[in-house]
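Have a look at model_28.cif; it's mmCIF, C-alpha atoms:
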data_model
loop_
_atom_site.group_PDB
_atom_site.id
_atom_site.type_symbol
_atom_site.label_atom_id
_atom_site.label_comp_id
_atom_site.auth_asym_id
_atom_site.auth_seq_id
_atom_site.Cartn_x
_atom_site.Cartn_y
_atom_site.Cartn_z
ATOM 1 C CA MET A 1 17.785 -45.019 -1.845
ATOM 2 C CA THR A 2 20.319 -44.311 -4.591
ATOM 3 C CA ASN A 3 20.962 -40.712 -5.612
ATOM 4 C CA SER A 4 22.172 -39.795 -9.085
ATOM 5 C CA VAL A 5 25.242 -37.542 -9.196
ATOM 6 C CA PHE A 6 26.555 -35.674 -12.234
ATOM 7 C CA ILE A 7 30.066 -34.223 -12.020
ATOM 8 C CA ASP A 8 30.250 -31.356 -14.506
ATOM 9 C CA GLY A 9 33.956 -31.037 -15.197
ATOM 10 C CA ALA A 10 34.712 -34.644 -14.312
ATOM 11 C CA ALA A 11 37.895 -34.719 -16.411
ATOM 12 C CA GLY A 12 39.655 -32.097 -14.273
ATOM 13 C CA THR A 13 41.905 -32.774 -11.308
ATOM 14 C CA THR A 14 39.214 -32.247 -8.660
ATOM 15 C CA GLY A 15 36.538 -34.027 -10.688
ATOM 16 C CA LEU A 16 38.706 -37.114 -11.051
ATOM 17 C CA GLU A 17 39.396 -37.158 -7.299
ATOM 18 C CA ILE A 18 35.692 -36.896 -6.491
ATOM 19 C CA ALA A 19 34.780 -39.643 -8.943
ATOM 20 C CA ASP A 20 37.432 -41.873 -7.403
ATOM 21 C CA ARG A 21 35.889 -41.426 -3.949
ATOM 22 C CA LEU A 22 32.380 -42.095 -5.256
ATOM 23 C CA GLY A 23 33.161 -44.855 -7.736
ATOM 24 C CA SER A 24 32.515 -47.787 -5.396
ATOM 25 C CA ARG A 25 29.723 -46.179 -3.373
ATOM 26 C CA GLN A 26 26.360 -47.932 -3.431
ATOM 27 C CA GLU A 27 24.466 -44.821 -2.312
ATOM 28 C CA PHE A 28 25.275 -42.867 -5.477
ATOM 29 C CA ASP A 29 24.917 -43.540 -9.170
ATOM 30 C CA LEU A 30 27.407 -41.504 -11.196
ATOM 31 C CA VAL A 31 26.008 -39.974 -14.370
ATOM 32 C CA ARG A 32 28.782 -40.067 -16.968
ATOM 33 C CA LEU A 33 28.822 -38.412 -20.379
ATOM 34 C CA PRO A 34 30.744 -39.943 -23.277
ATOM 35 C CA GLU A 35 33.992 -38.104 -23.991
ATOM 36 C CA GLU A 36 32.623 -36.629 -27.218
ATOM 37 C CA LYS A 37 29.647 -35.117 -25.336
ATOM 38 C CA ARG A 38 31.490 -33.884 -22.269
ATOM 39 C CA LYS A 39 31.293 -30.266 -23.479
ATOM 40 C CA ASP A 40 28.062 -30.620 -25.443
ATOM 41 C CA ALA A 41 25.572 -28.046 -24.125
ATOM 42 C CA ASN A 42 22.493 -30.204 -24.741
ATOM 43 C CA ALA A 43 24.019 -33.269 -23.098
ATOM 44 C CA ARG A 44 25.120 -31.245 -20.073
ATOM 45 C CA HIS A 45 21.702 -29.578 -19.812
ATOM 46 C CA GLU A 46 19.986 -32.958 -19.747
ATOM 47 C CA ALA A 47 22.415 -34.465 -17.240
ATOM 48 C CA ILE A 48 22.146 -31.461 -14.915
ATOM 49 C CA ASN A 49 18.348 -31.500 -14.875
ATOM 50 C CA ASP A 50 18.006 -35.276 -14.614
ATOM 51 C CA SER A 51 20.365 -35.665 -11.624
ATOM 52 C CA ASP A 52 19.611 -35.487 -7.928
ATOM 53 C CA PHE A 53 22.963 -33.846 -7.264
ATOM 54 C CA VAL A 54 25.271 -31.867 -9.541
ATOM 55 C CA ILE A 55 28.883 -31.207 -8.573
ATOM 56 C CA LEU A 56 30.526 -28.356 -10.474
ATOM 57 C CA CYS A 57 34.259 -28.712 -11.049
ATOM 58 C CA LEU A 58 34.507 -25.862 -13.506
ATOM 59 C CA PRO A 59 36.053 -22.406 -13.963
ATOM 60 C CA ASP A 60 33.951 -19.718 -12.296
ATOM 61 C CA GLU A 61 32.172 -18.439 -15.406
ATOM 62 C CA ALA A 62 31.335 -21.973 -16.531
ATOM 63 C CA ALA A 63 29.981 -22.795 -13.050
ATOM 64 C CA ILE A 64 27.662 -19.777 -13.167
ATOM 65 C CA GLU A 65 26.514 -20.822 -16.624
ATOM 66 C CA ALA A 66 25.871 -24.389 -15.440
ATOM 67 C CA VAL A 67 23.617 -23.178 -12.622
ATOM 68 C CA SER A 68 21.616 -21.140 -15.138
ATOM 69 C CA LEU A 69 20.819 -24.379 -16.996
ATOM 70 C CA ILE A 70 18.780 -25.769 -14.086
ATOM 71 C CA GLU A 71 15.077 -25.749 -14.941
ATOM 72 C CA ASN A 72 13.623 -27.659 -12.012
ATOM 73 C CA GLU A 73 13.090 -27.228 -8.289
ATOM 74 C CA SER A 74 14.812 -30.404 -7.170
ATOM 75 C CA THR A 75 18.395 -30.655 -8.459
ATOM 76 C CA ARG A 76 20.827 -29.833 -5.649
ATOM 77 C CA VAL A 77 24.221 -28.336 -6.401
ATOM 78 C CA ILE A 78 27.683 -28.372 -4.862
ATOM 79 C CA ASP A 79 29.960 -25.865 -6.565
ATOM 80 C CA ALA A 80 33.684 -26.563 -6.169
ATOM 81 C CA SER A 81 34.625 -23.337 -7.974
ATOM 82 C CA SER A 82 34.993 -19.965 -6.248
ATOM 83 C CA ALA A 83 32.027 -18.465 -8.114
ATOM 84 C CA HIS A 84 29.465 -18.663 -5.291
ATOM 85 C CA ARG A 85 31.485 -18.646 -2.066
ATOM 86 C CA THR A 86 30.291 -15.206 -1.009
ATOM 87 C CA VAL A 87 26.983 -15.143 -2.896
ATOM 88 C CA ALA A 88 23.683 -14.793 -1.043
ATOM 89 C CA GLY A 89 21.529 -17.891 -1.182
ATOM 90 C CA TRP A 90 24.488 -20.281 -1.213
ATOM 91 C CA VAL A 91 25.481 -22.169 1.936
ATOM 92 C CA TYR A 92 29.200 -22.327 2.663
ATOM 93 C CA GLY A 93 30.253 -25.983 2.629
ATOM 94 C CA PHE A 94 32.671 -26.062 5.561
ATOM 95 C CA ALA A 95 30.764 -28.187 8.056
ATOM 96 C CA GLU A 96 33.066 -27.748 11.043
ATOM 97 C CA PHE A 97 34.099 -24.107 11.048
ATOM 98 C CA GLN A 98 31.120 -22.680 12.915
ATOM 99 C CA GLU A 99 28.162 -23.830 14.966
ATOM 100 C CA GLY A 100 25.136 -24.940 12.969
ATOM 101 C CA GLN A 101 26.942 -25.077 9.620
ATOM 102 C CA ARG A 102 26.473 -28.821 9.221
ATOM 103 C CA GLU A 103 22.717 -28.409 9.610
ATOM 104 C CA ARG A 104 22.670 -25.567 7.076
ATOM 105 C CA ILE A 105 24.462 -27.781 4.565
ATOM 106 C CA ALA A 106 22.077 -30.670 5.207
ATOM 107 C CA ASN A 107 19.075 -28.500 4.379
ATOM 108 C CA ALA A 108 20.594 -26.534 1.499
ATOM 109 C CA ARG A 109 19.877 -26.776 -2.184
ATOM 110 C CA PHE A 110 22.943 -24.775 -3.214
ATOM 111 C CA VAL A 111 26.270 -25.349 -1.453
ATOM 112 C CA SER A 112 29.529 -23.621 -2.314
ATOM 113 C CA ASN A 113 32.556 -25.702 -1.426
ATOM 114 C CA PRO A 114 35.382 -23.837 0.371
ATOM 115 C CA GLY A 115 38.683 -23.000 -1.255
ATOM 116 C CA CYS A 116 41.752 -24.941 -0.172
ATOM 117 C CA TYR A 117 43.661 -22.036 1.382
ATOM 118 C CA PRO A 118 40.563 -20.617 3.144
ATOM 119 C CA THR A 119 39.887 -24.057 4.651
ATOM 120 C CA GLY A 120 43.183 -23.808 6.508
ATOM 121 C CA PHE A 121 42.813 -20.139 7.431
ATOM 122 C CA LEU A 122 39.188 -20.341 8.543
ATOM 123 C CA GLY A 123 39.726 -23.627 10.327
ATOM 124 C CA LEU A 124 42.304 -21.896 12.502
ATOM 125 C CA VAL A 125 40.901 -18.406 12.932
ATOM 126 C CA ALA A 126 37.108 -18.442 12.577
ATOM 127 C CA PRO A 127 36.323 -20.383 15.797
ATOM 128 C CA LEU A 128 38.660 -18.150 17.807
ATOM 129 C CA ILE A 129 37.070 -14.962 16.491
ATOM 130 C CA ALA A 130 33.562 -16.331 17.011
ATOM 131 C CA ARG A 131 34.409 -17.033 20.657
ATOM 132 C CA GLY A 132 35.864 -13.582 21.208
ATOM 133 C CA LEU A 133 39.414 -14.807 21.814
ATOM 134 C CA LEU A 134 40.756 -12.983 18.762
ATOM 135 C CA PRO A 135 39.489 -9.621 17.466
ATOM 136 C CA ALA A 136 37.647 -9.265 14.154
ATOM 137 C CA ASP A 137 39.353 -5.943 13.444
ATOM 138 C CA TRP A 138 42.967 -7.204 13.516
ATOM 139 C CA PRO A 139 44.961 -7.125 10.210
ATOM 140 C CA TYR A 140 45.611 -10.861 9.916
ATOM 141 C CA SER A 141 48.129 -12.359 7.530
ATOM 142 C CA ALA A 142 48.354 -15.861 6.117
ATOM 143 C CA ASN A 143 51.437 -17.499 4.629
ATOM 144 C CA ALA A 144 50.746 -20.652 2.654
ATOM 145 C CA VAL A 145 52.332 -23.215 0.361
ATOM 146 C CA SER A 146 50.499 -25.703 -1.821
ATOM 147 C CA GLY A 147 51.336 -28.650 -4.010
ATOM 148 C CA TYR A 148 51.260 -27.735 -7.677
ATOM 149 C CA SER A 149 48.212 -29.877 -8.438
ATOM 150 C CA GLY A 150 46.173 -27.019 -6.957
ATOM 151 C CA GLY A 151 46.768 -25.040 -10.128
ATOM 152 C CA GLY A 152 45.136 -27.629 -12.362
ATOM 153 C CA LYS A 153 46.422 -29.087 -15.584
ATOM 154 C CA ALA A 154 48.207 -25.921 -16.765
ATOM 155 C CA LEU A 155 50.338 -25.544 -13.631
ATOM 156 C CA ILE A 156 50.980 -29.285 -13.418
ATOM 157 C CA GLU A 157 52.373 -29.131 -16.944
ATOM 158 C CA ARG A 158 54.535 -26.102 -16.109
ATOM 159 C CA PHE A 159 56.103 -27.823 -13.103
ATOM 160 C CA GLU A 160 56.712 -30.998 -15.046
ATOM 161 C CA GLN A 161 58.390 -29.041 -17.843
ATOM 162 C CA GLU A 162 60.501 -26.893 -15.499
ATOM 163 C CA PRO A 163 62.154 -29.310 -13.056
ATOM 164 C CA ASP A 164 64.549 -26.630 -11.770
ATOM 165 C CA ILE A 165 61.700 -24.533 -10.316
ATOM 166 C CA GLY A 166 61.036 -25.545 -6.718
ATOM 167 C CA PHE A 167 59.079 -22.558 -5.378
ATOM 168 C CA ARG A 168 56.663 -20.131 -7.036
ATOM 169 C CA SER A 169 55.425 -17.175 -5.006
ATOM 170 C CA TYR A 170 52.390 -15.543 -6.558
ATOM 171 C CA GLY A 171 49.542 -13.183 -5.739
ATOM 172 C CA LEU A 172 52.196 -10.476 -5.471
ATOM 173 C CA THR A 173 49.697 -7.740 -6.346
ATOM 174 C CA LEU A 174 48.023 -8.604 -3.012
ATOM 175 C CA GLU A 175 44.911 -9.714 -4.850
ATOM 176 C CA HIS A 176 43.636 -13.281 -4.832
ATOM 177 C CA LYS A 177 40.230 -14.842 -5.397
ATOM 178 C CA HIS A 178 40.310 -16.461 -1.952
ATOM 179 C CA MET A 179 40.673 -13.183 -0.026
ATOM 180 C CA PRO A 180 36.977 -12.134 -0.063
ATOM 181 C CA GLU A 181 36.064 -15.642 1.087
ATOM 182 C CA MET A 182 38.438 -15.505 4.062
ATOM 183 C CA LYS A 183 37.287 -12.037 5.088
ATOM 184 C CA ARG A 184 33.586 -12.789 4.750
ATOM 185 C CA HIS A 185 33.422 -16.122 6.532
ATOM 186 C CA ALA A 186 35.766 -15.161 9.375
ATOM 187 C CA GLY A 187 33.754 -11.972 9.922
ATOM 188 C CA LEU A 188 36.811 -9.745 9.511
ATOM 189 C CA LYS A 189 36.843 -5.975 9.114
ATOM 190 C CA HIS A 190 40.046 -5.915 7.061
ATOM 191 C CA ASP A 191 41.367 -7.895 4.116
ATOM 192 C CA VAL A 192 43.798 -10.682 4.957
ATOM 193 C CA ILE A 193 47.385 -10.093 3.831
ATOM 194 C CA PHE A 194 47.695 -13.325 1.901
ATOM 195 C CA ALA A 195 51.058 -14.719 0.749
ATOM 196 C CA PRO A 196 50.516 -17.933 -1.261
ATOM 197 C CA ALA A 197 53.164 -20.035 -2.973
ATOM 198 C CA VAL A 198 53.369 -23.289 -4.907
ATOM 199 C CA VAL A 199 56.143 -25.788 -4.173
ATOM 200 C CA ARG A 200 57.529 -28.863 -5.896
ATOM 201 C CA ALA A 201 55.167 -31.353 -4.293
ATOM 202 C CA TYR A 202 52.237 -32.711 -6.241
ATOM 203 C CA ARG A 203 49.728 -32.361 -3.421
ATOM 204 C CA GLY A 204 49.467 -31.132 0.146
ATOM 205 C CA MET A 205 49.200 -27.718 1.752
ATOM 206 C CA ILE A 206 50.364 -25.786 4.794
ATOM 207 C CA VAL A 207 48.638 -22.545 5.861
ATOM 208 C CA GLU A 208 50.119 -20.431 8.642
ATOM 209 C CA VAL A 209 48.686 -17.503 10.602
ATOM 210 C CA PRO A 210 51.329 -15.794 12.796
ATOM 211 C CA LEU A 211 50.093 -13.927 15.867
ATOM 212 C CA ASN A 212 51.734 -11.601 18.363
ATOM 213 C CA LEU A 213 49.242 -11.767 21.215
ATOM 214 C CA SER A 214 50.959 -8.952 23.087
ATOM 215 C CA ALA A 215 50.579 -6.616 20.112
ATOM 216 C CA ILE A 216 46.960 -7.671 19.720
ATOM 217 C CA GLY A 217 46.458 -6.717 23.333
ATOM 218 C CA ALA A 218 44.958 -10.020 24.325
ATOM 219 C CA SER A 219 45.497 -11.251 27.870
ATOM 220 C CA LEU A 220 45.321 -14.852 26.767
ATOM 221 C CA LYS A 221 48.177 -17.138 25.727
ATOM 222 C CA ALA A 222 48.737 -19.885 23.190
ATOM 223 C CA ALA A 223 47.369 -22.502 25.575
ATOM 224 C CA ASP A 224 44.023 -20.690 25.589
ATOM 225 C CA LEU A 225 43.854 -20.790 21.789
ATOM 226 C CA LEU A 226 44.752 -24.471 21.797
ATOM 227 C CA ASP A 227 42.079 -25.261 24.371
ATOM 228 C CA ALA A 228 39.423 -23.340 22.436
ATOM 229 C CA LEU A 229 40.248 -25.112 19.177
ATOM 230 C CA LYS A 230 40.198 -28.496 20.892
ATOM 231 C CA ARG A 231 36.793 -27.774 22.364
ATOM 232 C CA HIS A 232 35.435 -26.504 19.049
ATOM 233 C CA TYR A 233 36.504 -29.600 17.102
ATOM 234 C CA ASP A 234 35.930 -32.095 19.887
ATOM 235 C CA GLY A 235 34.640 -35.384 18.501
ATOM 236 C CA SER A 236 35.433 -34.594 14.863
ATOM 237 C CA ALA A 237 36.703 -37.549 12.836
ATOM 238 C CA ILE A 238 38.051 -35.186 10.191
ATOM 239 C CA VAL A 239 39.628 -32.238 12.019
ATOM 240 C CA GLY A 240 42.396 -32.806 14.532
ATOM 241 C CA VAL A 241 43.937 -30.209 16.862
ATOM 242 C CA HIS A 242 47.512 -30.641 18.056
ATOM 243 C CA ASP A 243 49.822 -29.027 20.580
ATOM 244 C CA GLY A 244 52.949 -28.041 18.667
ATOM 245 C CA ASN A 245 55.145 -28.323 21.739
ATOM 246 C CA GLY A 246 57.980 -30.732 20.931
ATOM 247 C CA VAL A 247 57.242 -30.814 17.190
ATOM 248 C CA GLY A 248 60.473 -29.838 15.463
ATOM 249 C CA GLU A 249 59.170 -29.512 11.909
ATOM 250 C CA LEU A 250 56.140 -30.077 9.700
ATOM 251 C CA LEU A 251 56.759 -31.943 6.471
ATOM 252 C CA LEU A 252 54.906 -31.706 3.185
ATOM 253 C CA THR A 253 55.297 -34.949 1.257
ATOM 254 C CA ASP A 254 53.126 -36.668 -1.325
ATOM 255 C CA ASN A 255 53.162 -39.849 0.770
ATOM 256 C CA ASP A 256 51.356 -38.350 3.751
ATOM 257 C CA SER A 257 49.369 -35.627 1.963
ATOM 258 C CA ALA A 258 46.749 -37.785 0.233
ATOM 259 C CA THR A 259 44.183 -37.389 2.997
ATOM 260 C CA ASP A 260 40.796 -35.805 3.595
ATOM 261 C CA ARG A 261 41.801 -34.732 7.098
ATOM 262 C CA LEU A 262 42.488 -31.221 8.368
ATOM 263 C CA ASP A 263 45.146 -31.031 11.063
ATOM 264 C CA LEU A 264 45.560 -27.836 13.076
ATOM 265 C CA TYR A 265 48.625 -26.990 15.174
ATOM 266 C CA VAL A 266 49.369 -24.334 17.781
ATOM 267 C CA PHE A 267 53.055 -23.444 18.142
ATOM 268 C CA ALA A 268 54.367 -20.862 20.588
ATOM 269 C CA ASP A 269 57.462 -19.500 22.288
ATOM 270 C CA ASP A 270 58.070 -19.978 26.019
ATOM 271 C CA SER A 271 56.021 -16.896 26.907
ATOM 272 C CA GLY A 272 52.991 -18.184 25.006
ATOM 273 C CA LYS A 273 52.618 -14.783 23.387
ATOM 274 C CA GLN A 274 54.352 -15.373 20.054
ATOM 275 C CA VAL A 275 52.144 -17.854 18.240
ATOM 276 C CA ARG A 276 52.099 -19.666 14.914
ATOM 277 C CA LEU A 277 48.768 -21.243 14.044
ATOM 278 C CA ILE A 278 49.344 -23.803 11.274
ATOM 279 C CA ALA A 279 46.935 -25.910 9.257
ATOM 280 C CA LYS A 280 48.049 -28.958 7.300
ATOM 281 C CA LEU A 281 45.754 -30.489 4.692
ATOM 282 C CA ASP A 282 45.644 -31.936 1.216
ATOM 283 C CA ASN A 283 44.703 -29.312 -1.371
ATOM 284 C CA LEU A 284 42.952 -32.097 -3.328
ATOM 285 C CA GLY A 285 41.429 -33.669 -0.198
ATOM 286 C CA LYS A 286 39.860 -31.522 2.511
ATOM 287 C CA GLY A 287 40.786 -28.590 0.281
ATOM 288 C CA ALA A 288 38.681 -29.834 -2.645
ATOM 289 C CA ALA A 289 37.397 -33.361 -3.366
ATOM 290 C CA GLY A 290 37.258 -34.599 0.219
ATOM 291 C CA SER A 291 35.152 -31.705 1.469
ATOM 292 C CA THR A 292 32.898 -31.977 -1.595
ATOM 293 C CA VAL A 293 32.182 -35.634 -0.826
ATOM 294 C CA GLN A 294 31.691 -34.754 2.834
ATOM 295 C CA ASP A 295 29.104 -32.120 1.855
ATOM 296 C CA LEU A 296 27.420 -34.592 -0.496
ATOM 297 C CA ASN A 297 27.161 -37.140 2.319
ATOM 298 C CA ILE A 298 25.632 -34.542 4.636
ATOM 299 C CA MET A 299 23.127 -33.360 2.018
ATOM 300 C CA ALA A 300 22.130 -36.979 1.320
ATOM 301 C CA GLY A 301 21.594 -37.678 5.026
ATOM 302 C CA LEU A 302 24.522 -40.092 5.281
ATOM 303 C CA ASP A 303 27.495 -40.482 7.603
ATOM 304 C CA GLU A 304 29.680 -37.576 6.499
ATOM 305 C CA THR A 305 32.893 -39.631 6.609
ATOM 306 C CA LEU A 306 31.769 -42.272 4.092
ATOM 307 C CA GLY A 307 34.207 -42.561 1.201
ATOM 308 C CA LEU A 308 36.757 -40.262 2.791
ATOM 309 C CA ARG A 309 40.455 -41.011 3.272
ATOM 310 C CA LEU A 310 41.025 -40.584 6.976
#
Target format structure tokens, applied to this file:
Amino acid sequence: MTNSVFIDGAAGTTGLEIADRLGSRQEFDLVRLPEEKRKDANARHEAINDSDFVILCLPDEAAIEAVSLIENESTRVIDASSAHRTVAGWVYGFAEFQEGQRERIANARFVSNPGCYPTGFLGLVAPLIARGLLPADWPYSANAVSGYSGGGKALIERFEQEPDIGFRSYGLTLEHKHMPEMKRHAGLKHDVIFAPAVVRAYRGMIVEVPLNLSAIGASLKAADLLDALKRHYDGSAIVGVHDGNGVGELLLTDNDSATDRLDLYVFADDSGKQVRLIAKLDNLGKGAAGSTVQDLNIMAGLDETLGLRL
């Protein structure tokens, strides 16, 4: 059976990546609007209601508006914006981060795709909190760097026009649209202190969560966290868990960042009490297009790795 898929916002960075992954797939028929009708309300309305699946690659307000155009009981939606990530009635599209999530996605009509930074943070922290190894009431922090493609066309243009800028720290007001998502889906009692930055790499992302296990009061050590993460992601073809012992550095390069994988590392000092949990992913892959295609595969009852770059 072939399912029709309409990407609303197909000309954007994420939309283009999704279309590239789906372009040669026999299971899906991409619904494409002519360039002159890409923003035409009537054309979009028709495409949305005539498609089996709609993928929203739009700004938040436009994504909300697109959902309001649905006038049937059958069109299923994957929203790649941040508009619905903490909204009741929407299933969070991170299949691996907690038990039963894959099944919820498979049965959902409305799926909200995770943000790129939260994918790294939640991939590291959520399973450990769910298992009681880390407390939900600790004031966690996350330091992260992303390739500049994560900011869309405007930021891509800024970096290309300002070749002397190698590092942009932002979110300095301690407000960011990803923070409610991280708090909600990790089950935290406090906001995450989130320190994001953009670096001079087109794609790729590193998210770090530093932990002082002695200060937390936990009797466990880094090896216990590593073992728990390995058990949680055991058998996953997409998420890998690695012992950081002997790894001297993690590199962020365009050559090795174009992937739909999520790689998680546990680094520690000799005592096992000072810990750096680090996630490495592609902001356009598992952080956006890759996870969207994975969710689409799951919702369509297919092998979730089809079309992914692993």
Q: Could you check how far CA of Ile48 in chain A sits from CA of Ala19 in chain A, in Å to one decimal?
A: 16.2 Å
Q) What residues come out when you apply the PyMOL selection byres ((chain A and resi 26) around 12) to this file, written as a ChimeraX atom specification? A) /A:1-5,21-25,27-30,302,306-307
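The space separating CA of Ser82 in chain A from CA of Tyr117 in chain A comes to 11.7 Å.
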Q.
What's around range 247-249 of chain A at 12 Å? Count only C-alpha atoms, leave out sequence neighbours fewer than 6 positions away in its own chain, and write the answer as a list in words.
A. Ile206, Tyr265, Val266, Phe267, Ala268 and Ile278 of chain A
Q) Restricting the calculation to only C-alpha atoms, which member of A:Glu17, A:Val198, A:Met179, A:Gly166 is positioned closest to Ala258 in chain A? A)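 Between A:Glu17, A:Val198, A:Met179, A:Gly166, the residue approaching Ala258 in chain A most closely is A:Glu17.
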Q. Could you write out as a list in words the residues that the PyMOL selection byres ((chain A and resi 310) around 8) matches in the shown file?
A.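 Here the PyMOL selection byres ((chain A and resi 310) around 8) matches Ala237, Ile238, Thr259, Asp260, Arg261, Leu308 and Arg309 of chain A.
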For the file shown, what are the residues hit by the PyMOL selection byres ((chain A and resi 104-108) around 9), laid out as a short mmCIF file (atom, residue, chain, number, x, y, z; two decimals) with C-alpha atoms, keeping the file's coordinate frame?
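Output file out24.cif is given in full below:
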data_model
loop_
_atom_site.label_atom_id
_atom_site.label_comp_id
_atom_site.auth_asym_id
_atom_site.auth_seq_id
_atom_site.Cartn_x
_atom_site.Cartn_y
_atom_site.Cartn_z
CA ARG A 76 20.83 -29.83 -5.65
CA VAL A 77 24.22 -28.34 -6.40
CA TRP A 90 24.49 -20.28 -1.21
CA VAL A 91 25.48 -22.17 1.94
CA TYR A 92 29.20 -22.33 2.66
CA GLY A 93 30.25 -25.98 2.63
CA PHE A 94 32.67 -26.06 5.56
CA ALA A 95 30.76 -28.19 8.06
CA GLY A 100 25.14 -24.94 12.97
CA GLN A 101 26.94 -25.08 9.62
CA ARG A 102 26.47 -28.82 9.22
CA GLU A 103 22.72 -28.41 9.61
CA ARG A 109 19.88 -26.78 -2.18
CA PHE A 110 22.94 -24.78 -3.21
CA VAL A 111 26.27 -25.35 -1.45
CA ASP A 295 29.10 -32.12 1.86
CA LEU A 296 27.42 -34.59 -0.50
CA ASN A 297 27.16 -37.14 2.32
CA ILE A 298 25.63 -34.54 4.64
CA MET A 299 23.13 -33.36 2.02
CA ALA A 300 22.13 -36.98 1.32
CA GLY A 301 21.59 -37.68 5.03
#
Q.
My list of candidates is A:Glu65, A:Leu134, A:Gly152, A:Gly235. Which is closest to Gly15 in chain A when distances are computed with only C-alpha atoms?
A.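 For Gly15 in chain A, the nearest of the candidates is A:Gly152.
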(Q) Could you check the closest approach to Leu188 in chain A for each of A:Gly244, A:Gly204, A:Gly150, A:Pro139 and tell me which residue wins, using all atoms listed in the file? (A)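 Looking only at the distances to Leu188 in chain A, the closest residue turns out to be A:Pro139.
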Q) From the list A:Gly187, A:Gly12, A:Gly171, A:Gly287, which residue is nearest Ala126 in chain A when using all atoms listed in the file? A)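 For Ala126 in chain A, the nearest of the candidates is A:Gly187.
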Because some atoms of range 72-84 of chain A are absent here, can you restore N, CA, C and O atoms and send them as a PDB file, in the coordinates of the input?
ATOM      1  N   ASN A  72      14.527 -26.946 -12.912  1.00  0.00           N
ATOM      2  CA  ASN A  72      13.623 -27.659 -12.012  1.00  0.00           C
ATOM      3  C   ASN A  72      13.801 -27.138 -10.597  1.00  0.00           C
ATOM      4  O   ASN A  72      14.639 -26.268 -10.344  1.00  0.00           O
ATOM      5  N   GLU A  73      13.034 -27.659  -9.689  1.00  0.00           N
ATOM      6  CA  GLU A  73      13.090 -27.228  -8.289  1.00  0.00           C
ATOM      7  C   GLU A  73      13.717 -28.280  -7.386  1.00  0.00           C
ATOM      8  O   GLU A  73      13.648 -28.164  -6.163  1.00  0.00           O
ATOM      9  N   SER A  74      14.345 -29.285  -7.983  1.00  0.00           N
ATOM     10  CA  SER A  74      14.812 -30.404  -7.170  1.00  0.00           C
ATOM     11  C   SER A  74      16.315 -30.650  -7.229  1.00  0.00           C
ATOM     12  O   SER A  74      16.904 -31.119  -6.243  1.00  0.00           O
ATOM     13  N   THR A  75      16.957 -30.391  -8.357  1.00  0.00           N
ATOM     14  CA  THR A  75      18.395 -30.655  -8.459  1.00  0.00           C
ATOM     15  C   THR A  75      19.158 -29.829  -7.430  1.00  0.00           C
ATOM     16  O   THR A  75      18.974 -28.617  -7.323  1.00  0.00           O
ATOM     17  N   ARG A  76      20.009 -30.505  -6.678  1.00  0.00           N
ATOM     18  CA  ARG A  76      20.827 -29.833  -5.649  1.00  0.00           C
ATOM     19  C   ARG A  76      22.266 -29.743  -6.157  1.00  0.00           C
ATOM     20  O   ARG A  76      22.740 -30.647  -6.851  1.00  0.00           O
ATOM     21  N   VAL A  77      22.934 -28.660  -5.791  1.00  0.00           N
ATOM     22  CA  VAL A  77      24.221 -28.336  -6.401  1.00  0.00           C
ATOM     23  C   VAL A  77      25.296 -28.137  -5.347  1.00  0.00           C
ATOM     24  O   VAL A  77      25.063 -27.489  -4.313  1.00  0.00           O
ATOM     25  N   ILE A  78      26.477 -28.691  -5.618  1.00  0.00           N
ATOM     26  CA  ILE A  78      27.683 -28.372  -4.862  1.00  0.00           C
ATOM     27  C   ILE A  78      28.671 -27.788  -5.854  1.00  0.00           C
ATOM     28  O   ILE A  78      29.072 -28.448  -6.812  1.00  0.00           O
ATOM     29  N   ASP A  79      29.048 -26.545  -5.651  1.00  0.00           N
ATOM     30  CA  ASP A  79      29.960 -25.865  -6.565  1.00  0.00           C
ATOM     31  C   ASP A  79      31.361 -25.860  -5.963  1.00  0.00           C
ATOM     32  O   ASP A  79      31.595 -25.268  -4.912  1.00  0.00           O
ATOM     33  N   ALA A  80      32.302 -26.520  -6.644  1.00  0.00           N
ATOM     34  CA  ALA A  80      33.684 -26.563  -6.169  1.00  0.00           C
ATOM     35  C   ALA A  80      34.506 -25.393  -6.682  1.00  0.00           C
ATOM     36  O   ALA A  80      35.677 -25.259  -6.316  1.00  0.00           O
ATOM     37  N   SER A  81      33.912 -24.525  -7.519  1.00  0.00           N
ATOM     38  CA  SER A  81      34.625 -23.337  -7.974  1.00  0.00           C
ATOM     39  C   SER A  81      34.503 -22.240  -6.918  1.00  0.00           C
ATOM     40  O   SER A  81      33.855 -22.426  -5.885  1.00  0.00           O
ATOM     41  N   SER A  82      35.091 -21.082  -7.192  1.00  0.00           N
ATOM     42  CA  SER A  82      34.993 -19.965  -6.248  1.00  0.00           C
ATOM     43  C   SER A  82      33.858 -19.014  -6.607  1.00  0.00           C
ATOM     44  O   SER A  82      33.705 -17.959  -5.982  1.00  0.00           O
ATOM     45  N   ALA A  83      33.034 -19.381  -7.582  1.00  0.00           N
ATOM     46  CA  ALA A  83      32.027 -18.465  -8.114  1.00  0.00           C
ATOM     47  C   ALA A  83      30.976 -18.046  -7.096  1.00  0.00           C
ATOM     48  O   ALA A  83      30.464 -16.927  -7.147  1.00  0.00           O
ATOM     49  N   HIS A  84      30.609 -18.931  -6.169  1.00  0.00           N
ATOM     50  CA  HIS A  84      29.465 -18.663  -5.291  1.00  0.00           C
ATOM     51  C   HIS A  84      29.819 -18.652  -3.805  1.00  0.00           C
ATOM     52  O   HIS A  84      28.933 -18.732  -2.963  1.00  0.00           O
TER      53      HIS A  84
END
